[in-house]
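Asker: Below is the structure I would like to discuss, written out as structure tokens.
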Amino acid sequence: MIGLGQRKWVIMVMLTVLHIVGILMFTRGFLLTRTELPYYSNSSDVFHSPCFDHSQSNATCWTRPAVNRLVIIVLDALRFDFVAPSSFFKEAKPWMDRLQVLQKLASTEGTSARIFKAIADPPTTSLQRLKGLTTGGLPTFIDVGNSFGAPAIVEDNFIHQLVSNGKRVVMMGDDTWVQLFPNHFKKSYPYPSFNVKDLHTVDSGCIEHLFPSLYEEDWDVLIAHFLGVDHAGHILGVDSIPMIDKLEQYNAMLEKVIEVIRSQSGPGGIHENTFLLVMGDHGQTINGDHGGGTSEEVETSIFAMSFKQPPSSIPSEFDSSSCEINLDQKGTCISSIHQLDFAVTVSALLGVPFPFGSIGRVSPELYALGAGTWNLEKVNEGNCLNQLKVVEWMQNYCNVLCINSWQVKRYIDVYSASSIIGFSHEDLLHISDLYAKAEENRSCCSEKLLFNSDEICSSSLPYLKRQIDAYSNFLLSIADLARSKWTEFNLEMMGVGFGIMLISLSVYLFTIKRMINSFGVYLSSFGDSDISFRLLFACFMVMIRACSFLSNSFILEEGKVANFLLATTVIYKLRYSIKRGKMLTEAILFLFLITILRFSIEVGLSKQAVNSLFMSAHSSWMLEIAPSHPMWIFMVEIVPILALTILAYLLYITMACSSYRGIWKFIVWGTNLCYILIAVHWMSESNILSSVLMPHVIVRNYIPRIIYAMGLGQLLLLAFSQLIERGGPLASRKGLVIKIVAMLSTCSSTIILLSGKQGSLIAIASIIGGYCIMRLGNIEQDPKDKFSVNLNFDPLSVTQWSFLATCLFFSTGHWCTFDGLRYGAAFIGFDDFVLVRQAILLTIDTFGFSHILPVFGLPFLVSNLVMSGRTDQDRRLASMQLFLMYLMYGLIMATTVIATIICVTIQRRHLMVWGLFAPKFVFDVVGFILTDILICLACLYYFGFRGEVDGADL
Amino acid sequence: MVKPSSAETPPTSSFHPVFLLQTLLVHLICGVSLGIGLWMAHDVYYISLVSNPSSTLRLIWVIESPIVILLYSYVRKNPNKSSYFKAVVRGLLGLPVGALVNALGAIALGAPVGIQYLSNTVHWSLMMSLFTFVPAASVYGSSWEDWRRIFAHTKPNGFVDYMICLPAHGAVFGAWFGAWPMPLDWERPWQEWPICVSYGAMTGYVIGMVASISFVIIHGRQQHQKGD
């Protein structure tokens, strides 16, 4: 497949293509995407629906309001068996039958109170569930919305509909609600939700505000979110004393709430028409975990109660409940509902428009509970009075379903029109078909109804029934389709993608093996026990790093892990250099550099902790330095510029030492000019020096643009020089070094500018790091013995190089989540937003020090060999070694990415999959493909268009 | 317990049975003193590494240091040239120097730095110094060649070399592995710096001593058979 005699860059391009295909396949199966639509339902929309009765054109509601006020009490992580009577389960557990007030009401009051088993869609975390409950949609892996970081819901939702239809909403408890709906509540009493060890603050706060509010008239919807059960579960598990205490506390609280509402539910009372919902957002396992999709986690409960007696029970065909006799010999019936249906059913009860993106169905049982509040017209046909009520209810329900179906159909149509990854054509056809059938049914049915109004009791029932079935069928099939599209991972696609990645891994290994075999004669040191130990050691380090991705904690602290491993390799090298008795200074310098990098990584992590919800804020001593001290400010201003001067001086030295030709000289001088411009730019931005300089408005935008333009120009010059160059890059002794310096200096100016003031310091750090790795890697090379140049196969150097790159990524203040992107960098030199331009700048900033510079700088590792090599043979050997190093670098990256892939596959139902694993996957994959492409370019650049693996010229 | 076969012959070879007994005794006493330190912390002062890491570590190194220094000074290299007193002084000097080296290494590897961690780090590094640096300082003094042989080449030669090399490497590796669980989000008190690292180091040290003892026993038996 890939053998010798092939051009180097061709091999790399093949590998890149392989990787891209594999990752695309995996991503198609893994990153399920749903586009958030910015549309909102309006109360006037219903005029466009076929269901609207145009004779009553004054109506402004979608559905007839059935209740005026709504009390929603959310008990976080409420397991189904907390609420349902223990007779529903095989054996009674200590935590069952603790909320007895609900069970009693559900069994005695018959139809006006009812317990539902509510089935949630994973992921079962509070934030995602609240989002699902209020939007009536399914959350997916990436909700491609307007904002990545802020959790505020931008889609149409139940709360938004309430507010825009003049309902006043009061909220108390879990502060997640305030994050999701920052401006919606009339009053809110949020309490912090992330201190899991605190069982009581949120609950006491809720209770404190709940009871006074129940006597107030200034709200229409009240939401109280209790967290005690969730927290008790998290720290102690379900089978614990605090959990039972909590449930008993809730029982007392609910008893009191019901008492208060009932006392004022008489005619004219403020709770005359109030509906009570006690619900969980998700369940929990016995250990108190939730987030996944097991039945314990997705099964929660809704208790619904209307304080009016419904006139009739709904027809048994629509009643999916199961009944059991409980201990008191009373029957309790439990119905089942999907959380998807919650938003639309409650909207229908309150008479507000359904959320635009809801795909739920109005649940007949829950909807029927509100039916008691209609003042049904009295019909005097005695013998079919009861049946008439049923018919009227069904007529009404049928109308609601009609609007419901129309709304869902509208959403699906708009979604498929506006989303890139929509539904497949066949699915859409099937949906339209079902909808058309239901509509057709309706038109003929309603005609029948008109003609047969005298025999309404006897004959319309079957029509209505058929009609309701047709709508339900349509709605259920849509929910199924959406579920399969948006919440189920395509494991086959993921498997194929993973397989392709494994193939690429074996291609790497195969190529490396072939190269080593064919050059075995030159690998005089290969086989030496020290070298093979180093190979093992490097493999061990890479494997540790790969395995560390299996745990979310190690991903959170990835920078520290990389630093730990890098420091370990350096300590090994230090030991080795002591053994050889040379290059001790380099080893110690490198260790010192790592120590400094480690602190900057910690500063970056502490910044992340501020943004991240997952990490408790940990204080860093670096931040404790008073930043207001004038000396400190002056240092901050002056040190980066000093560092830039050092960089420019280094460049000057390098060029002065080598006999460079015209074009290279030109490029490097261009970079020095860029450095001066960057210094001017920084000075113009600083507070101390800006007054001295020219009006900085001009400077602020034009200097960066000049730098970008110069960088681009230098790149073009490099490409041009590549075209006219003859005789191969490694033909002359210093050719390689000049090429590396030119390339790195070209890239560096833009990267330093985008990284801000730390840029120049990090650049110096990476130069020192690179130098140390190069020196330590060539420790075997005996400078006296210039005639035998060994092909130095040292995997440890490349491993160190890649670890250093990772450390640089984190020490420049980046981390693997979307809020870790430094958006400010994208606007250096530009004020307006152009997607492609800003995306390129952001990419350069994010991956500059960690991917672009390391890949182009990798040849430094062999520069010593090239410099000391006398014969052409030596230089060709160096060229082969460089290619080997690129292969190894790619192999290390590929191993890491494969580990990430395995990890996200295993953890795809993990609690933090969206907060942590998915962003990590995206960052890794983007960085990996970028590295691949850069390696291709680097091969083209360093080996030339004709550079072949074997080297026929050898 | 293996007894030396002939104690009368002068100790010319570094694998001499006299050294065998010494090795066993030194290791036993060191191990026992470590155990005593932990026991005293637990039963006399009612503290543990988890609840009170810095005082426990202090207790351990205070108990351990005189024993280690005195014992290893006894088995010093070239006992004729350098006096016992000199070896003890070398050991005492080696204690802070080794602590500094260990602390710097730990900081490079990511040990937390800050006022609140200072005493922990100091006591931990003193303990590590006793495991790694002090025995070598007492035995070899300033002989760079011996230091290189033990710590860079890892080519111990003789019972004393093994006695120093194996436990020291064990302690370092143990501490290195002990640092692994630190970032995990189990929220256990022992994940704090330097508790699990200390446990790792002590475990590694004990394993190193056991390895050293078993090596010595095996070697001693071979010598014995050769002698027969």
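Residue names in the structure tokens use chain letters A, B, ... in the order shown, residue numbers from 1 in each chain, and ligand numbers from 1 in the order shown.
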I'd like the neighbourhood of Ile667 of chain A as a list in words, where a residue qualifies if any of its atoms comes within 6 Å (using only C-alpha atoms), though same-chain residues fewer than 3 positions away should be ignored.
Answerer: Trp664, Gly670 and Gln714 of chain A
Asker: Limited to C-alpha atoms, could you put the picked residues into a file as a PDB file, in the first residue's frame?
Answerer:
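The resulting file, selection-v3.pdb, is reproduced below:
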```
ATOM      1  CA  TRP A 664      15.719  34.370   3.031  1.00  0.00           C
ATOM      2  CA  GLY A 670      10.391  41.297   7.352  1.00  0.00           C
ATOM      3  CA  GLN A 714       6.353  36.229   3.589  1.00  0.00           C
TER       4      GLN A 714
END
```
Asker: Which residues of chain B come within 12 Å of chain A, and what is each one's closest atom pair and distance in Å (one decimal), counting only C-alpha atoms, sorted by chain and residue number, as CSV?
Answerer:
```
residue,atom,partner,partner_atom,distance
B:Val101,CA,A:Ile588,CA,11.8
B:Asn102,CA,A:Ile571,CA,11.8
B:Ala103,CA,A:Thr595,CA,11.9
B:Leu104,CA,A:Thr595,CA,8.9
B:Gly105,CA,A:Ile571,CA,8.3
B:Ala106,CA,A:Phe564,CA,9.6
B:Ile107,CA,A:Thr595,CA,6.8
B:Ala108,CA,A:Thr595,CA,4.5
B:Leu109,CA,A:Phe564,CA,4.8
B:Gly110,CA,A:Phe564,CA,6.3
B:Ala111,CA,A:Phe564,CA,9.5
B:Pro112,CA,A:Ser620,CA,9.2
B:Val113,CA,A:Trp621,CA,7.5
B:Gly114,CA,A:Trp621,CA,6.0
B:Ile115,CA,A:Trp621,CA,8.4
B:Gln116,CA,A:Trp621,CA,10.0
B:Tyr117,CA,A:Trp621,CA,10.9
B:Trp144,CA,A:Ile578,CA,10.4
B:Glu145,CA,A:Lys579,CA,10.0
B:Asp146,CA,A:Lys579,CA,11.5
B:Trp147,CA,A:Ile578,CA,10.0
B:Arg148,CA,A:Lys579,CA,6.5
B:Arg149,CA,A:Lys579,CA,8.1
B:Ile150,CA,A:Lys579,CA,10.1
B:Phe151,CA,A:Arg575,CA,7.6
B:Ala152,CA,A:Lys579,CA,5.1
B:His153,CA,A:Lys579,CA,6.0
B:Thr154,CA,A:Lys579,CA,9.5
B:Lys155,CA,A:Lys579,CA,11.1
B:Val172,CA,A:Thr568,CA,11.4
B:Phe173,CA,A:Thr568,CA,10.8
B:Trp176,CA,A:Thr568,CA,8.9
B:Phe177,CA,A:Phe564,CA,11.3
B:Ala179,CA,A:Phe564,CA,9.6
B:Trp180,CA,A:Val561,CA,9.0
B:Pro181,CA,A:Phe554,CA,9.4
B:Met182,CA,A:Ser553,CA,9.5
B:Pro183,CA,A:Ser553,CA,6.0
B:Leu184,CA,A:Ser553,CA,5.0
B:Asp185,CA,A:Ser553,CA,5.8
B:Trp186,CA,A:Ser553,CA,9.1
B:Glu187,CA,A:Ile235,CA,10.6
```
Asker: So what do you get for atom CA of Ser721 of chain A versus atom CA of Met743 of chain A, distance-wise?
Answerer: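 Computing the Euclidean distance for atom CA of Ser721 of chain A and atom CA of Met743 of chain A yields 11.7 Å.
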Asker: In Å to one decimal, how far is atom CA of Ile63 of chain B from atom CA of Val197 of chain B?
Answerer: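 It comes out at 19.6 Å.
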Asker: In Å, how far is it from atom CA of Ile935 of chain A to atom CA of Met12 of chain A?
Answerer: 7.1 Å
Asker: Considering only C-alpha atoms, return as an mmCIF file with N, CA, C and O atoms, in the first residue's frame whatever protein or nucleic-acid residues lie within 10 Å of segment 89-92 of chain B, sequence-local ones (same chain, fewer than 3 positions apart) excluded.
Answerer:
```
data_model
loop_
_atom_site.group_PDB
_atom_site.id
_atom_site.type_symbol
_atom_site.label_atom_id
_atom_site.label_comp_id
_atom_site.auth_asym_id
_atom_site.auth_seq_id
_atom_site.Cartn_x
_atom_site.Cartn_y
_atom_site.Cartn_z
ATOM 1 N N SER B 65 14.879 10.030 61.249
ATOM 2 C CA SER B 65 16.162 10.601 60.837
ATOM 3 C C SER B 65 17.345 10.147 61.712
ATOM 4 O O SER B 65 18.377 9.761 61.136
ATOM 5 N N PRO B 66 17.250 10.184 63.029
ATOM 6 C CA PRO B 66 18.441 9.731 63.769
ATOM 7 C C PRO B 66 18.764 8.275 63.471
ATOM 8 O O PRO B 66 19.946 7.908 63.319
ATOM 9 N N VAL B 68 18.113 6.488 60.735
ATOM 10 C CA VAL B 68 18.696 6.307 59.403
ATOM 11 C C VAL B 68 20.124 6.817 59.374
ATOM 12 O O VAL B 68 21.045 6.125 58.896
ATOM 13 N N ILE B 69 20.321 8.018 59.897
ATOM 14 C CA ILE B 69 21.664 8.604 59.819
ATOM 15 C C ILE B 69 22.662 7.744 60.600
ATOM 16 O O ILE B 69 23.741 7.391 60.089
ATOM 17 N N LEU B 70 22.294 7.368 61.815
ATOM 18 C CA LEU B 70 23.226 6.586 62.634
ATOM 19 C C LEU B 70 23.494 5.222 62.017
ATOM 20 O O LEU B 70 24.653 4.770 61.969
ATOM 21 N N TYR B 72 23.119 4.184 58.786
ATOM 22 C CA TYR B 72 23.847 4.180 57.515
ATOM 23 C C TYR B 72 25.268 4.690 57.685
ATOM 24 O O TYR B 72 26.161 4.337 56.912
ATOM 25 N N SER B 73 25.471 5.569 58.697
ATOM 26 C CA SER B 73 26.839 6.012 58.934
ATOM 27 C C SER B 73 27.701 4.837 59.380
ATOM 28 O O SER B 73 28.903 4.790 59.114
ATOM 29 N N TYR B 84 33.300 7.801 61.861
ATOM 30 C CA TYR B 84 31.859 7.652 62.052
ATOM 31 C C TYR B 84 31.191 9.001 62.222
ATOM 32 O O TYR B 84 30.148 9.295 61.642
ATOM 33 N N PHE B 85 31.848 9.854 62.975
ATOM 34 C CA PHE B 85 31.311 11.191 63.235
ATOM 35 C C PHE B 85 31.121 11.971 61.940
ATOM 36 O O PHE B 85 30.098 12.606 61.704
ATOM 37 N N LYS B 86 32.131 11.860 61.069
ATOM 38 C CA LYS B 86 32.075 12.554 59.778
ATOM 39 C C LYS B 86 30.862 12.101 58.970
ATOM 40 O O LYS B 86 30.143 12.903 58.370
ATOM 41 N N LEU B 95 20.431 15.834 54.716
ATOM 42 C CA LEU B 95 18.983 15.890 54.951
ATOM 43 C C LEU B 95 18.343 17.121 54.314
ATOM 44 O O LEU B 95 17.449 16.984 53.470
ATOM 45 N N PRO B 96 18.780 18.343 54.635
ATOM 46 C CA PRO B 96 18.142 19.493 53.989
ATOM 47 C C PRO B 96 18.418 19.583 52.495
ATOM 48 O O PRO B 96 17.531 19.978 51.726
ATOM 49 N N VAL B 97 19.641 19.189 52.090
ATOM 50 C CA VAL B 97 19.954 19.278 50.661
ATOM 51 C C VAL B 97 19.044 18.345 49.864
ATOM 52 O O VAL B 97 18.439 18.725 48.854
ATOM 53 N N GLY B 98 18.929 17.117 50.368
ATOM 54 C CA GLY B 98 18.061 16.157 49.693
ATOM 55 C C GLY B 98 16.625 16.623 49.693
ATOM 56 O O GLY B 98 15.897 16.445 48.714
ATOM 57 N N LEU B 130 15.056 11.441 53.603
ATOM 58 C CA LEU B 130 15.506 10.315 54.431
ATOM 59 C C LEU B 130 15.454 9.011 53.651
ATOM 60 O O LEU B 130 16.275 8.120 53.852
ATOM 61 N N PHE B 133 18.092 10.384 49.918
ATOM 62 C CA PHE B 133 19.326 11.144 49.843
ATOM 63 C C PHE B 133 20.261 10.866 51.014
ATOM 64 O O PHE B 133 21.454 10.660 50.829
ATOM 65 N N VAL B 134 19.655 10.850 52.200
ATOM 66 C CA VAL B 134 20.472 10.785 53.413
ATOM 67 C C VAL B 134 21.317 9.509 53.486
ATOM 68 O O VAL B 134 22.513 9.589 53.801
ATOM 69 N N PRO B 135 20.754 8.321 53.205
ATOM 70 C CA PRO B 135 21.609 7.126 53.272
ATOM 71 C C PRO B 135 22.805 7.242 52.360
ATOM 72 O O PRO B 135 23.944 6.928 52.779
ATOM 73 N N ALA B 136 22.569 7.738 51.136
ATOM 74 C CA ALA B 136 23.687 7.865 50.203
ATOM 75 C C ALA B 136 24.699 8.875 50.719
ATOM 76 O O ALA B 136 25.915 8.668 50.607
ATOM 77 N N ALA B 137 24.196 9.960 51.305
ATOM 78 C CA ALA B 137 25.113 10.985 51.815
ATOM 79 C C ALA B 137 25.971 10.415 52.928
ATOM 80 O O ALA B 137 27.174 10.663 52.993
ATOM 81 N N SER B 138 25.343 9.650 53.807
ATOM 82 C CA SER B 138 26.101 9.076 54.918
ATOM 83 C C SER B 138 27.134 8.074 54.422
ATOM 84 O O SER B 138 28.268 8.056 54.905
ATOM 85 N N VAL B 139 26.727 7.274 53.481
ATOM 86 C CA VAL B 139 27.596 6.181 53.055
ATOM 87 C C VAL B 139 28.687 6.662 52.112
ATOM 88 O O VAL B 139 29.864 6.377 52.298
ATOM 89 N N TYR B 140 28.310 7.442 51.096
ATOM 90 C CA TYR B 140 29.291 7.792 50.057
ATOM 91 C C TYR B 140 29.920 9.148 50.274
ATOM 92 O O TYR B 140 30.941 9.445 49.666
ATOM 93 N N GLY B 141 29.269 10.003 51.060
ATOM 94 C CA GLY B 141 29.837 11.334 51.218
ATOM 95 C C GLY B 141 29.787 12.101 49.926
ATOM 96 O O GLY B 141 28.773 12.105 49.234
ATOM 97 N N SER B 142 30.882 12.684 49.561
ATOM 98 C CA SER B 142 30.876 13.534 48.375
ATOM 99 C C SER B 142 31.471 12.824 47.166
ATOM 100 O O SER B 142 31.924 13.452 46.235
#
```
Asker: Set the distance at 10 Å and use only C-alpha atoms: which residues neighbour Val122 of chain B once local chain neighbours fewer than 2 positions away are removed? I'd like the list as a PDB file with N, CA and C atoms, in the first residue's frame.
Answerer:
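And here is the file that came out, result_15.pdb:
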```pdb
ATOM      1  N   SER B  54       0.838  17.273  57.936  1.00  0.00           N
ATOM      2  CA  SER B  54       2.174  17.825  58.171  1.00  0.00           C
ATOM      3  C   SER B  54       2.718  17.357  59.525  1.00  0.00           C
ATOM      4  N   LEU B  57       3.827  13.688  59.119  1.00  0.00           N
ATOM      5  CA  LEU B  57       5.076  13.572  58.367  1.00  0.00           C
ATOM      6  C   LEU B  57       6.251  14.043  59.227  1.00  0.00           C
ATOM      7  N   ARG B  58       6.009  15.089  59.995  1.00  0.00           N
ATOM      8  CA  ARG B  58       7.074  15.585  60.864  1.00  0.00           C
ATOM      9  C   ARG B  58       7.468  14.510  61.876  1.00  0.00           C
ATOM     10  N   PRO B  96      18.780  18.343  54.635  1.00  0.00           N
ATOM     11  CA  PRO B  96      18.142  19.493  53.989  1.00  0.00           C
ATOM     12  C   PRO B  96      18.418  19.583  52.495  1.00  0.00           C
ATOM     13  N   ALA B  99      16.213  17.241  50.811  1.00  0.00           N
ATOM     14  CA  ALA B  99      14.845  17.754  50.871  1.00  0.00           C
ATOM     15  C   ALA B  99      14.619  18.794  49.795  1.00  0.00           C
ATOM     16  N   LEU B 100      15.623  19.649  49.609  1.00  0.00           N
ATOM     17  CA  LEU B 100      15.504  20.693  48.589  1.00  0.00           C
ATOM     18  C   LEU B 100      15.364  20.072  47.201  1.00  0.00           C
ATOM     19  N   ASN B 102      14.343  17.062  46.417  1.00  0.00           N
ATOM     20  CA  ASN B 102      13.048  16.390  46.301  1.00  0.00           C
ATOM     21  C   ASN B 102      11.914  17.386  46.113  1.00  0.00           C
ATOM     22  N   ALA B 103      11.968  18.488  46.890  1.00  0.00           N
ATOM     23  CA  ALA B 103      10.899  19.476  46.780  1.00  0.00           C
ATOM     24  C   ALA B 103      10.886  20.097  45.397  1.00  0.00           C
ATOM     25  N   TYR B 117       0.451  25.212  51.670  1.00  0.00           N
ATOM     26  CA  TYR B 117       1.063  23.908  51.419  1.00  0.00           C
ATOM     27  C   TYR B 117       2.504  23.845  51.890  1.00  0.00           C
ATOM     28  N   LEU B 118       3.020  24.978  52.384  1.00  0.00           N
ATOM     29  CA  LEU B 118       4.454  25.046  52.643  1.00  0.00           C
ATOM     30  C   LEU B 118       4.900  23.989  53.647  1.00  0.00           C
ATOM     31  N   SER B 119       4.202  23.920  54.790  1.00  0.00           N
ATOM     32  CA  SER B 119       4.679  22.992  55.817  1.00  0.00           C
ATOM     33  C   SER B 119       4.540  21.553  55.331  1.00  0.00           C
ATOM     34  N   ASN B 120       3.452  21.264  54.616  1.00  0.00           N
ATOM     35  CA  ASN B 120       3.301  19.920  54.055  1.00  0.00           C
ATOM     36  C   ASN B 120       4.478  19.564  53.170  1.00  0.00           C
ATOM     37  N   TRP B 124       7.175  16.678  53.883  1.00  0.00           N
ATOM     38  CA  TRP B 124       7.207  15.566  52.928  1.00  0.00           C
ATOM     39  C   TRP B 124       8.586  15.425  52.324  1.00  0.00           C
ATOM     40  N   SER B 125       9.190  16.563  51.939  1.00  0.00           N
ATOM     41  CA  SER B 125      10.478  16.452  51.263  1.00  0.00           C
ATOM     42  C   SER B 125      11.565  16.002  52.246  1.00  0.00           C
ATOM     43  N   LEU B 126      11.423  16.377  53.515  1.00  0.00           N
ATOM     44  CA  LEU B 126      12.387  15.860  54.489  1.00  0.00           C
ATOM     45  C   LEU B 126      12.263  14.348  54.610  1.00  0.00           C
ATOM     46  N   MET B 127      11.030  13.873  54.591  1.00  0.00           N
ATOM     47  CA  MET B 127      10.843  12.418  54.668  1.00  0.00           C
ATOM     48  C   MET B 127      11.435  11.743  53.435  1.00  0.00           C
ATOM     49  N   MET B 128      11.143  12.330  52.258  1.00  0.00           N
ATOM     50  CA  MET B 128      11.690  11.753  51.031  1.00  0.00           C
ATOM     51  C   MET B 128      13.212  11.775  51.060  1.00  0.00           C
TER      52      MET B 128
END
```
Asker: Using only C-alpha atoms, which residues sit within 12 Å of Asp81 of chain A once same-chain residues fewer than 6 positions away are excluded, as a ChimeraX atom specification?
Answerer: /A:87-100,103,115-118,238,247,280,283-286,295-297,299-302,334
Asker: Would you pick out the contacts of segment 161-169 of chain B at 7 Å or less, using only C-alpha atoms, so that residues sharing its chain but fewer than 5 positions from it are not included, and give the list as a list in words?
Answerer: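 Contacts, with the query itself left out: Thr23, Phe131, Thr132, Pro135, Ala136, Ile150, Pro156, Tyr205, Val206, Gly208, Met209 and Ser212 of chain B.
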Asker: With only C-alpha atoms as the atoms that count, which of A:Met171, A:Ala899, A:Cys547, A:Leu105 lies nearest to Leu254 of chain A?
Answerer: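 Looking at the shortest contact to Leu254 of chain A, the residue is A:Leu105.
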Asker: With only C-alpha atoms as the atoms that count, which of A:Ala436, A:Met635, A:Val346, A:Leu887 lies nearest to Phe510 of chain A?
Answerer: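 Looking at the shortest contact to Phe510 of chain A, the residue is A:Leu887.
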Asker: What parts of segment 60-112 of chain B does DSSP call alpha helix (DSSP H)? I'd like the answer as a PyMOL selection string.
Answerer: chain B and resi 60-74+84-109
Asker: At a cut-off of 8 Å, using only C-alpha atoms, what residues contact Gly759 of chain A? Leave out same-chain residues fewer than 5 positions from it and give the result as a short mmCIF file (atom, residue, chain, number, x, y, z; two decimals) with all heavy atoms, in the first residue's frame.
Answerer:
```
data_model
loop_
_atom_site.label_atom_id
_atom_site.label_comp_id
_atom_site.auth_asym_id
_atom_site.auth_seq_id
_atom_site.Cartn_x
_atom_site.Cartn_y
_atom_site.Cartn_z
N PRO A 640 7.06 42.04 28.00
CA PRO A 640 6.81 41.46 26.69
C PRO A 640 7.61 42.13 25.59
O PRO A 640 8.11 41.46 24.67
CB PRO A 640 5.32 41.70 26.48
CG PRO A 640 4.77 41.86 27.82
CD PRO A 640 5.83 42.51 28.62
N ILE A 751 1.26 34.97 15.17
CA ILE A 751 0.84 34.23 16.36
C ILE A 751 1.10 35.04 17.62
O ILE A 751 0.26 35.12 18.52
CB ILE A 751 1.56 32.87 16.41
CG1 ILE A 751 1.09 32.01 15.25
CG2 ILE A 751 1.30 32.16 17.71
CD1 ILE A 751 1.85 30.74 15.07
N ILE A 752 2.27 35.68 17.67
CA ILE A 752 2.59 36.48 18.86
C ILE A 752 1.59 37.62 18.99
O ILE A 752 1.07 37.89 20.07
CB ILE A 752 4.03 37.01 18.76
CG1 ILE A 752 5.02 35.87 18.94
CG2 ILE A 752 4.29 38.08 19.81
CD1 ILE A 752 6.44 36.27 18.73
N LEU A 753 1.29 38.26 17.87
CA LEU A 753 0.35 39.38 17.93
C LEU A 753 -1.00 38.92 18.46
O LEU A 753 -1.61 39.55 19.33
CB LEU A 753 0.18 39.98 16.53
CG LEU A 753 -0.84 41.09 16.44
CD1 LEU A 753 -0.32 42.32 17.15
CD2 LEU A 753 -1.17 41.41 15.01
N LEU A 754 -1.47 37.76 17.96
CA LEU A 754 -2.80 37.30 18.36
C LEU A 754 -2.81 36.82 19.81
O LEU A 754 -3.82 36.94 20.49
CB LEU A 754 -3.25 36.15 17.45
CG LEU A 754 -3.66 36.58 16.05
CD1 LEU A 754 -3.98 35.36 15.22
CD2 LEU A 754 -4.86 37.49 16.09
N THR A 812 -0.89 28.93 27.33
CA THR A 812 -1.30 30.18 26.70
C THR A 812 -2.73 30.53 27.09
O THR A 812 -3.35 31.39 26.48
CB THR A 812 -1.19 30.10 25.17
OG1 THR A 812 -1.67 28.83 24.75
CG2 THR A 812 0.22 30.28 24.70
#
```
